[in-house]
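Trainee: I am sharing start-v5.txt, which consists of compact mmCIF, C-alpha atoms:
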# COMPACT_ATOMS: atom_id res chain seq x y z
CA MET J 1 -19.11 -27.44 37.82
CA SER J 2 -19.56 -30.85 36.18
CA LYS J 3 -16.94 -33.56 36.42
CA LYS J 4 -16.40 -33.36 32.64
CA MET J 5 -15.78 -29.60 32.77
CA THR J 6 -13.32 -30.00 35.66
CA GLY J 7 -11.47 -32.62 33.66
CA ASN J 8 -11.25 -30.26 30.68
CA ASN J 9 -9.95 -27.47 32.88
CA ASP J 10 -7.27 -29.75 34.29
CA ALA J 11 -6.17 -30.65 30.77
CA ILE J 12 -6.04 -26.96 29.83
CA LYS J 13 -4.10 -26.13 32.99
CA LYS J 14 -1.59 -28.83 32.14
CA GLU J 15 -1.15 -27.42 28.64
CA VAL J 16 -0.82 -23.82 29.88
CA ARG J 17 1.77 -24.93 32.43
CA LYS J 18 3.69 -26.75 29.69
CA ILE J 19 3.72 -23.71 27.39
CA LEU J 20 4.72 -21.42 30.27
CA ALA J 21 7.55 -23.77 31.28
CA GLU J 22 8.88 -23.79 27.71
CA VAL J 23 8.80 -20.01 27.36
CA ALA J 24 10.14 -19.28 30.86
CA GLU J 25 12.64 -22.15 30.64
CA ILE J 26 11.79 -23.54 34.07
CA PRO J 27 10.56 -27.02 35.10
CA GLU J 28 6.78 -27.47 35.01
CA LYS J 29 6.74 -28.79 38.58
CA LYS J 30 8.07 -25.47 39.86
CA ILE J 31 5.05 -23.59 38.52
CA LYS J 32 2.24 -23.06 40.99
CA ASP J 33 -1.24 -22.66 39.55
CA ASP J 34 -1.78 -19.28 41.17
CA ALA J 35 1.75 -17.88 40.64
CA ASP J 36 1.78 -14.50 38.90
CA PHE J 37 3.54 -14.84 35.52
CA TYR J 38 5.37 -11.56 35.83
CA GLU J 39 5.84 -11.02 39.60
CA ASP J 40 6.47 -14.60 40.74
CA ILE J 41 7.79 -16.44 37.68
CA GLY J 42 9.65 -13.47 36.25
CA ILE J 43 8.71 -13.58 32.57
CA ASP J 44 8.66 -10.30 30.65
CA SER J 45 5.75 -8.89 28.67
CA MET J 46 7.10 -10.16 25.35
CA GLN J 47 7.28 -13.69 26.75
CA GLY J 48 3.74 -13.19 28.05
CA LEU J 49 2.58 -12.40 24.55
CA GLU J 50 4.33 -15.52 23.23
CA ILE J 51 2.46 -17.63 25.76
CA PHE J 52 -0.89 -16.22 24.68
CA ALA J 53 0.04 -16.68 21.00
CA SER J 54 0.95 -20.34 21.61
CA ILE J 55 -2.30 -20.93 23.50
CA GLU J 56 -4.32 -19.33 20.69
CA LYS J 57 -2.61 -21.58 18.15
CA LYS J 58 -3.12 -24.71 20.27
CA TYR J 59 -6.83 -24.14 20.92
CA LYS J 60 -7.66 -22.18 17.74
CA ILE J 61 -9.14 -19.29 19.71
CA ARG J 62 -8.58 -15.52 19.81
CA ILE J 63 -7.82 -14.10 23.23
CA PRO J 64 -8.97 -10.48 23.51
CA GLU J 65 -5.99 -8.13 23.88
CA GLU J 66 -7.52 -6.35 26.87
CA LYS J 67 -7.66 -9.63 28.80
CA MET J 68 -3.95 -10.33 28.45
CA PRO J 69 -2.45 -7.90 30.97
CA VAL J 70 -4.95 -8.95 33.67
CA THR J 71 -4.85 -12.73 33.11
CA ARG J 72 -1.61 -13.60 34.83
CA SER J 73 -1.62 -17.11 36.28
CA VAL J 74 -2.09 -20.70 35.10
CA VAL J 75 -5.47 -20.91 36.78
CA LYS J 76 -6.71 -17.57 35.39
CA VAL J 77 -5.50 -18.34 31.86
CA SER J 78 -7.09 -21.80 32.00
CA GLU J 79 -10.43 -20.35 33.06
CA LEU J 80 -10.30 -17.82 30.25
CA VAL J 81 -9.36 -20.46 27.66
CA ALA J 82 -12.14 -22.78 28.87
CA ALA J 83 -14.67 -19.93 28.57
CA LEU J 84 -13.46 -19.04 25.05
CA ILE J 85 -13.60 -22.69 23.93
CA LYS J 86 -17.14 -22.93 25.27
CA LYS J 87 -18.13 -19.84 23.26
CA LYS J 88 -16.82 -21.29 19.98
CA MET T 89 -0.17 -10.37 -1.88
CA THR T 90 1.50 -8.40 -4.68
CA ARG T 91 -1.24 -8.89 -7.27
CA SER T 92 -3.23 -5.97 -5.92
CA VAL T 93 -0.21 -3.88 -4.93
CA ASN T 94 0.78 -0.74 -6.83
CA VAL T 95 4.43 -0.15 -5.96
CA HIS T 96 4.23 3.43 -7.28
CA HIS T 97 1.51 4.42 -4.86
CA THR T 98 3.07 6.34 -1.99
CA VAL T 99 1.58 6.51 1.48
CA TRP T 100 4.88 7.53 3.12
CA ASP T 101 7.95 8.41 1.08
CA SER T 102 11.60 7.94 1.96
CA ARG T 103 11.91 11.31 3.75
CA GLN T 104 8.80 10.71 5.85
CA ILE T 105 10.06 7.22 6.70
CA GLN T 106 13.36 8.69 7.90
CA GLU T 107 11.44 10.98 10.23
CA MET T 108 9.60 7.99 11.70
CA LEU T 109 12.32 5.38 12.05
CA PRO T 110 15.04 5.64 14.71
CA GLN T 111 17.55 4.07 12.29
CA ARG T 112 19.70 6.13 9.93
CA TYR T 113 21.89 5.56 6.85
CA PRO T 114 23.13 2.97 6.07
CA PHE T 115 20.60 1.03 8.08
CA ILE T 116 17.25 2.20 6.76
CA MET T 117 15.72 -0.86 5.14
CA ILE T 118 12.44 0.62 3.87
CA ASP T 119 12.24 2.92 0.83
CA ARG T 120 8.51 3.49 0.58
CA VAL T 121 5.23 2.58 2.23
CA ILE T 122 2.67 1.79 -0.46
CA LYS T 123 -0.26 0.72 1.69
CA ALA T 124 -1.31 1.48 5.26
CA ASP T 125 -4.64 0.29 6.58
CA ARG T 126 -5.62 1.01 10.19
CA ARG T 127 -8.75 -1.14 9.99
CA THR T 128 -6.90 -4.34 9.13
CA GLY T 129 -3.70 -3.32 10.97
CA LYS T 130 -1.46 -3.69 7.96
CA VAL T 131 1.33 -1.88 6.13
CA VAL T 132 2.96 -2.84 2.84
CA CYS T 133 6.46 -1.50 2.16
CA VAL T 134 9.01 -1.52 -0.64
CA LYS T 135 12.74 -2.09 -0.30
CA ASN T 136 14.77 -1.80 -3.49
CA VAL T 137 17.89 -3.92 -3.29
CA THR T 138 20.96 -2.51 -5.06
CA GLY T 139 24.48 -3.79 -5.60
CA ASN T 140 25.82 -0.61 -3.97
CA GLU T 141 24.88 -1.82 -0.50
CA GLY T 142 28.00 -2.41 1.55
CA HIS T 143 27.11 -5.86 2.89
CA PHE T 144 27.33 -7.30 -0.62
CA LEU T 145 31.10 -6.78 -0.52
CA GLY T 146 31.41 -9.64 1.93
CA HIS T 147 28.12 -11.52 1.62
CA PHE T 148 29.47 -13.01 -0.56
CA PRO T 149 32.43 -12.05 -2.74
CA ASP T 150 31.43 -12.87 -6.35
CA ASN T 151 28.00 -14.08 -5.16
CA PRO T 152 26.01 -11.17 -3.68
CA ILE T 153 23.08 -12.35 -1.54
CA MET T 154 21.13 -10.11 0.83
CA PRO T 155 21.68 -11.40 4.39
CA GLY T 156 18.50 -12.91 5.82
CA ALA T 157 19.14 -10.95 9.02
CA LEU T 158 18.70 -7.74 7.01
CA ILE T 159 15.39 -8.94 5.58
CA LEU T 160 14.31 -9.53 9.18
CA GLU T 161 15.55 -6.03 10.02
CA ALA T 162 13.42 -4.66 7.16
CA MET T 163 10.42 -6.53 8.59
CA GLY T 164 11.14 -5.07 12.02
CA GLN T 165 11.34 -1.54 10.59
CA ALA T 166 8.05 -2.13 8.77
CA GLY T 167 6.69 -3.12 12.19
CA ILE T 168 7.77 0.26 13.60
CA LEU T 169 5.93 1.97 10.74
CA LEU T 170 2.88 -0.14 11.58
CA TYR T 171 3.19 1.09 15.17
CA TRP T 172 3.18 4.67 13.84
CA LEU T 173 -0.01 3.85 11.96
CA LEU T 174 -1.78 2.27 14.94
CA ARG T 175 -0.34 4.23 17.89
CA PRO T 176 0.79 7.58 16.40
CA GLU T 177 0.76 9.47 19.70
CA GLN T 178 3.00 6.96 21.46
CA ALA T 179 5.27 6.65 18.41
CA ALA T 180 5.71 10.43 18.26
CA LYS T 181 7.28 10.28 21.74
CA ARG T 182 10.18 8.35 20.17
CA PRO T 183 10.19 5.23 22.35
CA LEU T 184 12.85 2.53 22.15
CA TYR T 185 11.82 -0.50 20.15
CA LEU T 186 13.20 -3.86 21.25
CA MET T 187 13.01 -6.99 19.15
CA GLY T 188 11.87 -10.09 21.03
CA THR T 189 11.25 -13.59 19.77
CA ILE T 190 11.56 -14.13 16.04
CA LYS T 191 10.35 -17.20 14.18
CA ALA T 192 11.30 -17.06 10.53
CA THR T 193 11.29 -19.25 7.47
CA PHE T 194 13.63 -18.44 4.60
CA LYS T 195 12.37 -19.54 1.20
CA ARG T 196 14.54 -17.92 -1.49
CA THR T 197 17.62 -15.76 -1.84
CA VAL T 198 17.42 -12.02 -2.48
CA VAL T 199 19.98 -10.44 -4.81
CA PRO T 200 20.82 -6.98 -6.20
CA GLY T 201 18.08 -5.80 -8.55
CA ASP T 202 15.28 -7.42 -6.56
CA GLN T 203 12.41 -5.38 -5.19
CA LEU T 204 11.29 -6.63 -1.80
CA ILE T 205 7.62 -6.15 -0.99
CA ILE T 206 7.20 -6.44 2.76
CA GLU T 207 3.76 -6.86 4.28
CA VAL T 208 3.40 -6.59 8.03
CA THR T 209 0.15 -7.30 9.86
CA LYS T 210 -0.69 -6.75 13.51
CA ASP T 211 -1.29 -9.92 15.46
CA LYS T 212 -1.37 -8.40 18.95
CA LEU T 213 -0.72 -4.92 20.19
CA LEU T 214 -0.76 -3.93 23.84
CA ASP T 215 0.60 -0.73 25.38
CA ASN T 216 4.21 -1.84 25.67
CA VAL T 217 4.44 -4.99 23.60
CA GLY T 218 3.30 -6.35 20.27
CA ARG T 219 3.46 -9.23 17.85
CA ILE T 220 3.46 -8.97 14.07
CA LEU T 221 3.19 -11.33 11.14
CA ALA T 222 5.48 -10.46 8.24
CA ARG T 223 5.88 -11.66 4.68
CA ALA T 224 8.47 -10.62 2.12
CA GLU T 225 8.04 -11.28 -1.57
CA VAL T 226 10.04 -10.62 -4.72
CA ASN T 227 8.12 -10.58 -7.97
CA GLY T 228 5.19 -12.39 -6.38
CA CYS T 229 7.32 -15.16 -4.85
CA LEU T 230 7.58 -15.58 -1.11
CA VAL T 231 11.17 -15.14 0.10
CA MET T 232 10.63 -15.08 3.86
CA GLU T 233 7.86 -15.12 6.40
CA SER T 234 8.12 -14.51 10.09
CA THR T 235 6.41 -13.72 13.35
CA MET T 236 8.10 -11.22 15.63
CA SER T 237 7.38 -9.97 19.09
CA PHE T 238 8.66 -6.57 20.15
CA GLY T 239 8.74 -4.33 23.17
CA VAL T 240 8.14 -0.57 23.26
CA ILE T 241 9.87 1.30 26.06
CA LYS T 242 9.21 4.93 26.89
CA LYS T 243 12.32 7.08 26.97
CA ASN T 244 13.21 8.57 30.36
CA GLY T 245 11.21 5.94 32.19
Can the structure in the file be given as structure tokens, please?
Mentor:
Amino acid sequence: MSKKMTGNNDAIKKEVRKILAEVAEIPEKKIKDDADFYEDIGIDSMQGLEIFASIEKKYKIRIPEEKMPVTRSVVKVSELVAALIKKK
Amino acid sequence: MTRSVNVHHTVWDSRQIQEMLPQRYPFIMIDRVIKADRRTGKVVCVKNVTGNEGHFLGHFPDNPIMPGALILEAMGQAGILLYWLLRPEQAAKRPLYLMGTIKATFKRTVVPGDQLIIEVTKDKLLDNVGRILARAEVNGCLVMESTMSFGVIKKNG
């Protein structure tokens, strides 16, 4: 992966963590990149949907519905967002 | 939205709506469904507002205004009808519908004599959760728009 791409992914990760922290009402620093949204952080499925909706709005992308239940951590969401941005 | 809408066209009438919604009198906020499109994931509903409705006694004395919370309720019920359109088999099992996050903007007041046209469009729909975009108009003027997330829980587990 190029240095530029890694930098972009870090920026996306930061944004995803920020959105997750707002929705889950927990400090950003408590969120580990590989923590499962539902099992580890304890958000419910409606909050999960809100996170994806906020990310779509921020990056002007559409996240396929079938990807949502299986994309469950900051790192996984960031990878998906980066791939969707690249496709645009 | 309302330019192309024929309010006399009936997709689902009041009796059919009562069979689909879990709510009952005096809390059914949809009178008729005038458009239902599976392809675009959209329903358009009518709610006729009359001075006989009990909430006007107190909201407000001498100045009847439909509570915004009830317009949101009407949007939520339109969302349930949209769920019937898109997931009829699951809806027929009579799940519980839970309202989640609501973001709404109120634009104008709604008073007795108004006819609310409520358009609800699917944004996301997974097995047990969804998000809808809703608009309510009276006489072609926007009175409220909102986004709502909701949960769908199977009865008996």
Trainee: Taking only residues of chain J that have an atom at most 10 Å from an atom of chain T, what is each one's shortest atom pair and its distance in Å to one decimal, using only C-alpha atoms, in chain and number order, as JSON lines?
Mentor:
{"residue": "J:Asp44", "atom": "CA", "partner": "T:Gly239", "partner_atom": "CA", "distance": 9.6}
{"residue": "J:Ser45", "atom": "CA", "partner": "T:Val217", "partner_atom": "CA", "distance": 6.5}
{"residue": "J:Met46", "atom": "CA", "partner": "T:Val217", "partner_atom": "CA", "distance": 6.1}
{"residue": "J:Gln47", "atom": "CA", "partner": "T:Thr189", "partner_atom": "CA", "distance": 8.0}
{"residue": "J:Gly48", "atom": "CA", "partner": "T:Val217", "partner_atom": "CA", "distance": 9.4}
{"residue": "J:Leu49", "atom": "CA", "partner": "T:Gly218", "partner_atom": "CA", "distance": 7.4}
{"residue": "J:Glu50", "atom": "CA", "partner": "T:Ser237", "partner_atom": "CA", "distance": 7.6}
{"residue": "J:Phe52", "atom": "CA", "partner": "T:Lys212", "partner_atom": "CA", "distance": 9.7}
{"residue": "J:Ala53", "atom": "CA", "partner": "T:Lys212", "partner_atom": "CA", "distance": 8.6}
{"residue": "J:Ile63", "atom": "CA", "partner": "T:Lys212", "partner_atom": "CA", "distance": 9.6}
{"residue": "J:Pro64", "atom": "CA", "partner": "T:Lys212", "partner_atom": "CA", "distance": 9.1}
{"residue": "J:Glu65", "atom": "CA", "partner": "T:Leu214", "partner_atom": "CA", "distance": 6.7}
{"residue": "J:Glu66", "atom": "CA", "partner": "T:Leu214", "partner_atom": "CA", "distance": 7.8}
{"residue": "J:Met68", "atom": "CA", "partner": "T:Leu214", "partner_atom": "CA", "distance": 8.5}
{"residue": "J:Pro69", "atom": "CA", "partner": "T:Leu214", "partner_atom": "CA", "distance": 8.3}
Trainee: What lies within 10 Å of Tyr171 in chain T using all atoms listed in the file, ignoring chain neighbours under 2 positions off, as JSON, numbers by chain?
Mentor: {"T": [129, 130, 131, 165, 166, 167, 168, 169, 173, 174, 175, 176, 177, 178, 179, 210, 213, 218, 240]}
Trainee: Would you mind telling me which residue in J:Ala35, J:Leu20, J:Ile26, J:Ile12 lies nearest to Ala83 in chain J when using all atoms listed in the file?
Mentor: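 The answer is J:Ile12, which sits nearest to Ala83 in chain J.
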Trainee: Do a neighbour search on Ala24 in chain J at 8 Å with all atoms listed in the file, toss out local chain neighbours closer than 6 positions, and write the hits as an MDAnalysis selection string.
Mentor: chainID J and resid 41:43 47
Trainee: Record the distance separating CA of Asn136 in chain T and CA of Asp202 in chain T, expressed in Å with one decimal.
Mentor: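 We find that CA of Asn136 in chain T and CA of Asp202 in chain T lie 6.4 Å from each other.
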Trainee: Measuring atom to atom with only C-alpha atoms, identify which of T:Lys123, T:Glu107, T:Arg112, T:Val231 is nearest to Val95 in chain T.
Mentor: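 Of T:Lys123, T:Glu107, T:Arg112, T:Val231, the one nearest Val95 in chain T, counting only C-alpha atoms, is T:Lys123.
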Trainee: Would you compute the box with edges along x, y and z of the file around range 106-120 of chain T, including every atom the file lists for it and 6 Å extra on each side, and give its centre and edge lengths in Å to one decimal, as AutoDock Vina command-line options?
Mentor:
--center_x 15.8 --center_y 5.1 --center_z 7.6 --size_x 26.6 --size_y 23.8 --size_z 26.1
Trainee: Residues at most 6 Å from Ala222 in chain T, counting all atoms listed in the file, excluding those fewer than 5 positions away in the same chain, as a count of residues only?
Mentor: 4
Trainee: Record the distance separating CA of Arg103 in chain T and CA of Asn227 in chain T, expressed in Å with one decimal.
Mentor: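 Interatomic distance, CA of Arg103 in chain T to CA of Asn227 in chain T: 25.1 Å.
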Trainee: Record the distance separating CA of Asp101 in chain T and CA of Arg196 in chain T, expressed in Å with one decimal.
Mentor: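 Atom-to-atom, CA of Asp101 in chain T to CA of Arg196 in chain T, that is 27.3 Å.
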Trainee: Do you know which residues are at most 7 Å from Leu184 in chain T counting all atoms listed in the file, after dropping those on the same chain fewer than 6 positions away, and could you put them as a PDB file with C-alpha atoms, keeping the file's coordinate frame?
Mentor:
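As written to disk, selection_9.pdb reads:
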ATOM      1  CA  VAL T 240       8.140  -0.570  23.260  1.00  0.00           C
ATOM      2  CA  ILE T 241       9.870   1.300  26.060  1.00  0.00           C
ATOM      3  CA  LYS T 242       9.210   4.930  26.890  1.00  0.00           C
ATOM      4  CA  LYS T 243      12.320   7.080  26.970  1.00  0.00           C
TER       5      LYS T 243
END
Trainee: Any idea what's packed within 7 Å of Thr98 in chain T, counting only C-alpha atoms, ignoring anything in its chain fewer than 4 positions away? Could you give it as a list in words?
Mentor: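 Counting only C-alpha atoms, the residues come to Arg120, Val121 and Ile122 of chain T.
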Trainee: For the residues selected in the previous step, produce a file with C-alpha atoms as a PDB file, in the frame of the given file.
Mentor:
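Resulting contents of selection-v3.pdb:
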ATOM      1  CA  ARG T 120       8.510   3.490   0.580  1.00  0.00           C
ATOM      2  CA  VAL T 121       5.230   2.580   2.230  1.00  0.00           C
ATOM      3  CA  ILE T 122       2.670   1.790  -0.460  1.00  0.00           C
TER       4      ILE T 122
END
